[in-house]
Amino acid sequence: MNNAGFLKKIGVFSPSVAAGKRVLIRADFDVDAPKGRIPDDLRILRVLPVIHACLKAGARVRLIAHRGRPHGTHVKSLSLRPVAKYLERALKRAVPFVSDPFADGAERTYEPAPCLLFENIRFWPGEETNDDAFGAELARWGDLYINEAFANSHRAHASMVALAAKLPAYMGPALYDELRSLQLVRDKPKRPLVAILGGAKLETKMPLLKQFLKTADAVIIGGVLANTIYAFEGDEIGKSRSEAVPAGRQDKSGLNTSSLLRSKKLHIPSDVVVVKSLRGSSRRTVKDIESVDPDDYIVDIGERSMKHFSELLNKAGTIVWNGPFGYTEVPEFARGTKMLARAIARAKAISVVGGGDVIAAVGAKTLLRTVTHVSAGGGAMLAFLTGEKLPGVEALRR
């Protein structure tokens with residue numbers, strides 16, 4: 001589908017429509033907050049421009065968001081209170097925290113507030129079931145709706161779908177940037193197109209892997225995905241994490257693994273870093289994949305593989321990356337992932353990077369300085385690139 005044609009079918013937010021209105025913004029505040037601190041604020045930063053624009057237009061802003069997966073129950077550790085405090089500092093104004101937006105009289109109590117934040121919307125079961133009545137209750141708080149939560153747009157949740165149907169609905173500027181960047185990569189990439197897939201969740205990423213083996217010029221695989229492919233082929237992976245494969249050596253998407261491995265486009269690490277313990281102090285050894293022992297953990301890619309991947313990236317016109325290449329839970333084992341980031345930064349290519357694990361391993365500020373676009377949503381990015389319709393985006397169509 002033509003990029004411009006797709007975007008024309010969706011109302012894009014303009015500050016003029018917000019003047020004097022109550023604006024419900026579905027934000028992406030799904031951030032870690034250890035001891036009330038927010039070490040990675042990328043997702044919050046991306047919502048600030050539309051908040052500022054609405055407030056400048058004289059609108060009253062009501063922010064809706066979630067953290068984690070409480071599944072309809074109140075989980076104190078997943079409260080959005082730390083985000084409210086962050087917003088007060090960032091906006092330099094009071095941001096009242098509404099612990100229960102459905103309580104009697106809550107609307108009247110908070111009516112004068114220029115900007116407020118609701119408690120984690122997933123604390124209520126109506127959110128994840130896309131309950132229409134739940135969406136109607138939320139709609140009472142606003143006169144128009146803006147979606148700025150790309151990372152949750154592949155979910156048919158009430159604050160994404162049911163609510164958008166109740167009010168004039170718009171796409172926010174951050175969501176617009178996501179869709180524009182990803183659709184250009186998907187539909188009109190500058191060649192050669194090099195796709196990098198790491199991390200885990202083979203079943204989730206297999207549709208994208210299949211697509212890229214058809215449309216990309218090279219596909220680089222690492223992380224748990226690579227371990228799984230090694231195991232498919234009977235290679236020793238020791239104690240390393242891999243994923244199960246149904247009988248017949250065929251995944252749920254119907255792709256025969258042996259056929260996949262015969263593709264000349266596929267590039268898998270030939271040497272890996274192994275340890276005997278997952279502690280960061282453990283001695284690291286570089287081995288060919290054929291030399292991995294039963295008591296080894298594969299935690300990173302080796303120098304020879306990194307050199308090969310860097311050569312591919314240096315020739316690329318477009319690079320798409322989702323998922324880390326090492327056991328990045330231990331910083332000492334994230335070297336390969338960081339080296340990939342540096343190789344992408346050196347390449348003269350359009351580059352799109354997504355996935356929370358990659359952002360956490362490399363650092364949001366580093367990626368923002370070195371790549372063309374950092375996607376806020378790993379799962380939504382995968383869904384969009386494979387051609388799936390995103391319920392949160394479809395709900396905005398005119």
# chains A, B, ... in the order shown; residues from 1 in each chain; ligands from 1
>>> select_by_dssp(residues="segment 153-236 of chain A", states="strand (DSSP E or B)", output="PyMOL selection string")
chain A and resi 169-171+193-197+218-221
>>> select_by_dssp(residues="segment 127-353 of chain A", states="alpha helix (DSSP H)", output="JSON, numbers by chain")
{"A": [132, 133, 134, 135, 136, 137, 138, 139, 173, 174, 175, 176, 177, 178, 179, 180, 181, 182, 183, 184, 185, 186, 187, 202, 203, 204, 205, 206, 207, 208, 209, 210, 211, 212, 213, 214, 215, 223, 224, 225, 226, 227, 228, 229, 230, 231, 232, 257, 258, 259, 260, 261, 303, 304, 305, 306, 307, 308, 309, 310, 311, 312, 313, 314, 335, 336, 337, 338, 339, 340, 341, 342, 343, 344, 345, 346]}
>>> residues_around(residues="segment 191-206 of chain A", least_positions_apart="4", cutoff="9 Å", atoms="only C-alpha atoms", output="ChimeraX atom specification")
/A:185,210-212,215-226,228,241-243,251-253,255,312-313,315-327,357-358,379,382-383
>>> write_last_selection(atoms="N, CA and C atoms", output="short mmCIF file (atom, residue, chain, number, x, y, z; two decimals), in the first residue's frame")
data_model
loop_
_atom_site.label_atom_id
_atom_site.label_comp_id
_atom_site.auth_asym_id
_atom_site.auth_seq_id
_atom_site.Cartn_x
_atom_site.Cartn_y
_atom_site.Cartn_z
N VAL A 185 10.22 1.37 5.18
CA VAL A 185 11.13 0.23 5.25
C VAL A 185 10.47 -1.01 4.67
N LYS A 210 10.27 -15.41 7.63
CA LYS A 210 9.84 -15.92 6.34
C LYS A 210 9.71 -14.80 5.32
N GLN A 211 9.14 -13.68 5.75
CA GLN A 211 8.94 -12.55 4.84
C GLN A 211 10.28 -11.97 4.38
N PHE A 212 11.20 -11.79 5.34
CA PHE A 212 12.49 -11.20 4.99
C PHE A 212 13.33 -12.13 4.12
N THR A 215 12.01 -11.01 0.85
CA THR A 215 12.11 -9.61 0.42
C THR A 215 13.44 -8.96 0.72
N ALA A 216 14.18 -9.43 1.71
CA ALA A 216 15.46 -8.81 2.07
C ALA A 216 16.58 -9.40 1.23
N ASP A 217 17.72 -8.71 1.24
CA ASP A 217 18.90 -9.20 0.53
C ASP A 217 19.78 -10.04 1.45
N ALA A 218 19.66 -9.84 2.76
CA ALA A 218 20.39 -10.65 3.74
C ALA A 218 19.62 -10.63 5.05
N VAL A 219 19.62 -11.77 5.75
CA VAL A 219 18.94 -11.89 7.03
C VAL A 219 19.95 -12.44 8.04
N ILE A 220 20.24 -11.65 9.07
CA ILE A 220 21.20 -12.04 10.11
C ILE A 220 20.43 -12.49 11.35
N ILE A 221 20.77 -13.66 11.86
CA ILE A 221 20.07 -14.25 13.00
C ILE A 221 21.02 -14.38 14.18
N GLY A 222 20.54 -14.09 15.40
CA GLY A 222 21.36 -14.27 16.60
C GLY A 222 20.50 -14.54 17.81
N GLY A 223 21.14 -14.59 18.98
CA GLY A 223 20.41 -14.79 20.22
C GLY A 223 19.79 -16.16 20.33
N VAL A 224 18.68 -16.23 21.05
CA VAL A 224 17.97 -17.50 21.24
C VAL A 224 17.48 -18.06 19.91
N LEU A 225 17.17 -17.19 18.97
CA LEU A 225 16.73 -17.66 17.64
C LEU A 225 17.83 -18.50 17.00
N ALA A 226 19.07 -18.02 17.09
CA ALA A 226 20.18 -18.78 16.52
C ALA A 226 20.39 -20.10 17.27
N THR A 228 18.20 -21.86 18.70
CA THR A 228 17.12 -22.76 18.30
C THR A 228 17.42 -23.40 16.96
N ARG A 241 19.76 -21.41 26.23
CA ARG A 241 18.31 -21.38 26.02
C ARG A 241 17.98 -21.53 24.55
N SER A 242 16.98 -22.37 24.27
CA SER A 242 16.44 -22.50 22.92
C SER A 242 14.94 -22.72 23.06
N GLU A 243 14.26 -22.86 21.94
CA GLU A 243 12.81 -23.02 21.98
C GLU A 243 12.39 -24.32 21.31
N ASP A 251 7.71 -25.58 12.16
CA ASP A 251 7.09 -24.71 13.15
C ASP A 251 5.61 -24.52 12.83
N LYS A 252 4.91 -23.78 13.69
CA LYS A 252 3.45 -23.61 13.55
C LYS A 252 3.08 -22.82 12.29
N SER A 253 4.02 -22.08 11.75
CA SER A 253 3.73 -21.34 10.53
C SER A 253 3.85 -22.22 9.29
N LEU A 255 6.71 -23.64 8.21
CA LEU A 255 8.01 -23.52 7.57
C LEU A 255 8.91 -24.66 8.01
N LEU A 312 28.37 -7.07 5.90
CA LEU A 312 27.03 -7.02 5.31
C LEU A 312 26.36 -5.68 5.58
N LEU A 313 26.48 -5.21 6.82
CA LEU A 313 25.84 -3.96 7.20
C LEU A 313 26.47 -2.76 6.50
N LYS A 315 27.48 -2.55 3.56
CA LYS A 315 27.00 -2.45 2.17
C LYS A 315 25.50 -2.15 2.10
N ALA A 316 24.83 -2.12 3.24
CA ALA A 316 23.36 -2.02 3.26
C ALA A 316 22.87 -0.63 2.86
N GLY A 317 21.68 -0.61 2.26
CA GLY A 317 20.97 0.65 2.02
C GLY A 317 19.91 0.89 3.08
N THR A 318 19.37 -0.22 3.60
CA THR A 318 18.37 -0.18 4.68
C THR A 318 18.66 -1.30 5.65
N ILE A 319 18.57 -1.00 6.95
CA ILE A 319 18.79 -1.99 8.01
C ILE A 319 17.59 -1.99 8.94
N VAL A 320 17.07 -3.16 9.23
CA VAL A 320 16.00 -3.33 10.22
C VAL A 320 16.49 -4.29 11.29
N TRP A 321 16.37 -3.90 12.56
CA TRP A 321 16.91 -4.73 13.66
C TRP A 321 15.90 -4.86 14.76
N ASN A 322 15.65 -6.12 15.17
CA ASN A 322 14.77 -6.40 16.30
C ASN A 322 15.34 -7.57 17.08
N GLY A 323 15.71 -7.33 18.35
CA GLY A 323 16.16 -8.40 19.23
C GLY A 323 17.67 -8.44 19.41
N PRO A 324 18.15 -8.61 20.68
CA PRO A 324 19.58 -8.61 20.98
C PRO A 324 20.27 -9.91 20.57
N PHE A 325 21.61 -9.90 20.58
CA PHE A 325 22.38 -11.05 20.13
C PHE A 325 23.10 -11.79 21.24
N GLY A 326 22.98 -11.38 22.46
CA GLY A 326 23.65 -12.06 23.56
C GLY A 326 22.73 -12.22 24.75
N TYR A 327 23.27 -12.77 25.82
CA TYR A 327 22.54 -12.89 27.08
C TYR A 327 22.67 -11.53 27.78
N ASP A 357 14.52 -4.97 24.57
CA ASP A 357 15.78 -5.58 25.00
C ASP A 357 16.98 -4.95 24.31
N VAL A 358 16.84 -4.62 23.03
CA VAL A 358 17.92 -3.95 22.32
C VAL A 358 18.13 -2.55 22.89
N GLY A 379 6.75 -5.73 19.66
CA GLY A 379 5.68 -6.57 19.12
C GLY A 379 4.88 -5.86 18.04
N LEU A 382 6.94 -5.76 14.83
CA LEU A 382 6.92 -7.04 14.12
C LEU A 382 5.59 -7.24 13.39
N ALA A 383 4.50 -6.93 14.08
CA ALA A 383 3.18 -7.11 13.48
C ALA A 383 3.02 -6.22 12.25
#
>>> residues_around(residues="Val272 of chain A", least_positions_apart="3", cutoff="12 Å", atoms="only C-alpha atoms", output="JSON, numbers by chain")
{"A": [222, 223, 226, 227, 230, 237, 240, 268, 269, 275, 284, 285, 286, 287, 288, 289, 290, 291, 292, 293, 296, 297, 298, 299, 300, 301, 302, 303, 304, 305, 306, 325, 326, 327, 333, 335, 336]}
>>> write_last_selection(atoms="C-alpha atoms", output="compact mmCIF listing (two decimals), in the first residue's frame")
# COMPACT_ATOMS: atom_id res chain seq x y z
CA GLY A 222 21.36 -14.27 16.60
CA GLY A 223 20.41 -14.79 20.22
CA ALA A 226 20.18 -18.78 16.52
CA ASN A 227 20.44 -21.29 19.38
CA TYR A 230 21.52 -24.80 15.90
CA ILE A 237 24.21 -25.81 22.37
CA SER A 240 21.92 -22.43 26.33
CA ILE A 268 24.01 -17.25 11.47
CA PRO A 269 26.99 -16.83 13.84
CA VAL A 275 30.80 -19.54 29.65
CA ARG A 284 34.57 -16.25 28.48
CA THR A 285 35.81 -18.50 25.68
CA VAL A 286 35.28 -18.12 21.93
CA LYS A 287 34.40 -21.35 20.14
CA ASP A 288 33.22 -22.51 16.74
CA ILE A 289 29.62 -23.66 17.05
CA GLU A 290 30.78 -27.23 16.34
CA SER A 291 32.98 -27.11 19.47
CA VAL A 292 30.38 -26.15 22.09
CA ASP A 293 30.41 -28.51 25.09
CA ASP A 296 28.54 -24.47 28.04
CA TYR A 297 26.21 -21.49 27.90
CA ILE A 298 26.24 -19.52 24.63
CA VAL A 299 26.08 -15.86 25.72
CA ASP A 300 27.33 -13.82 22.76
CA ILE A 301 28.62 -13.87 19.19
CA GLY A 302 32.31 -14.25 18.32
CA GLU A 303 34.69 -11.85 16.56
CA ARG A 304 34.64 -13.72 13.23
CA SER A 305 30.85 -13.58 13.07
CA MET A 306 30.85 -9.91 14.04
CA PHE A 325 22.38 -11.05 20.13
CA GLY A 326 23.65 -12.06 23.56
CA TYR A 327 22.54 -12.89 27.08
CA PHE A 333 27.58 -10.46 27.69
CA ARG A 335 29.29 -6.82 23.80
CA GLY A 336 28.10 -8.32 20.49
>>> closest_atom_pairs(of="segment 90-167 of chain A", to="segment 386-393 of chain A", cutoff="6 Å", atoms="only C-alpha atoms", output="tab-separated table")
residue	atom	partner	partner_atom	distance
A:Ser153	CA	A:Gly392	CA	4.2
A:His154	CA	A:Leu390	CA	4.5
A:Ala156	CA	A:Pro391	CA	5.4
A:Met160	CA	A:Gly392	CA	4.9
A:Val161	CA	A:Gly392	CA	5.7
>>> residues_around(residues="Arg397 of chain A", least_positions_apart="2", cutoff="6 Å", atoms="only C-alpha atoms", output="PyMOL selection string")
chain A and resi 9-10+394-395
>>> residues_around(residues="Asp41 of chain A", least_positions_apart="3", cutoff="9 Å", atoms="only C-alpha atoms", output="list in words")
Phe29, Val31, Asp32, Ile38, Ile44, Leu45, Arg46 and Ala364 of chain A
>>> residues_around(residues="Leu144 of chain A", least_positions_apart="6", cutoff="7 Å", atoms="only C-alpha atoms", output="ChimeraX atom specification")
/A:22-24,167-169
>>> closest_residue(among="A:Ala27, A:Val95, A:Leu209, A:Leu179", to="Arg60 of chain A", atoms="only C-alpha atoms")
A:Val95
>>> closest_residue(among="A:Arg140, A:Arg67, A:Lys76, A:Arg283", to="Glu111 of chain A", atoms="only C-alpha atoms")
A:Arg140
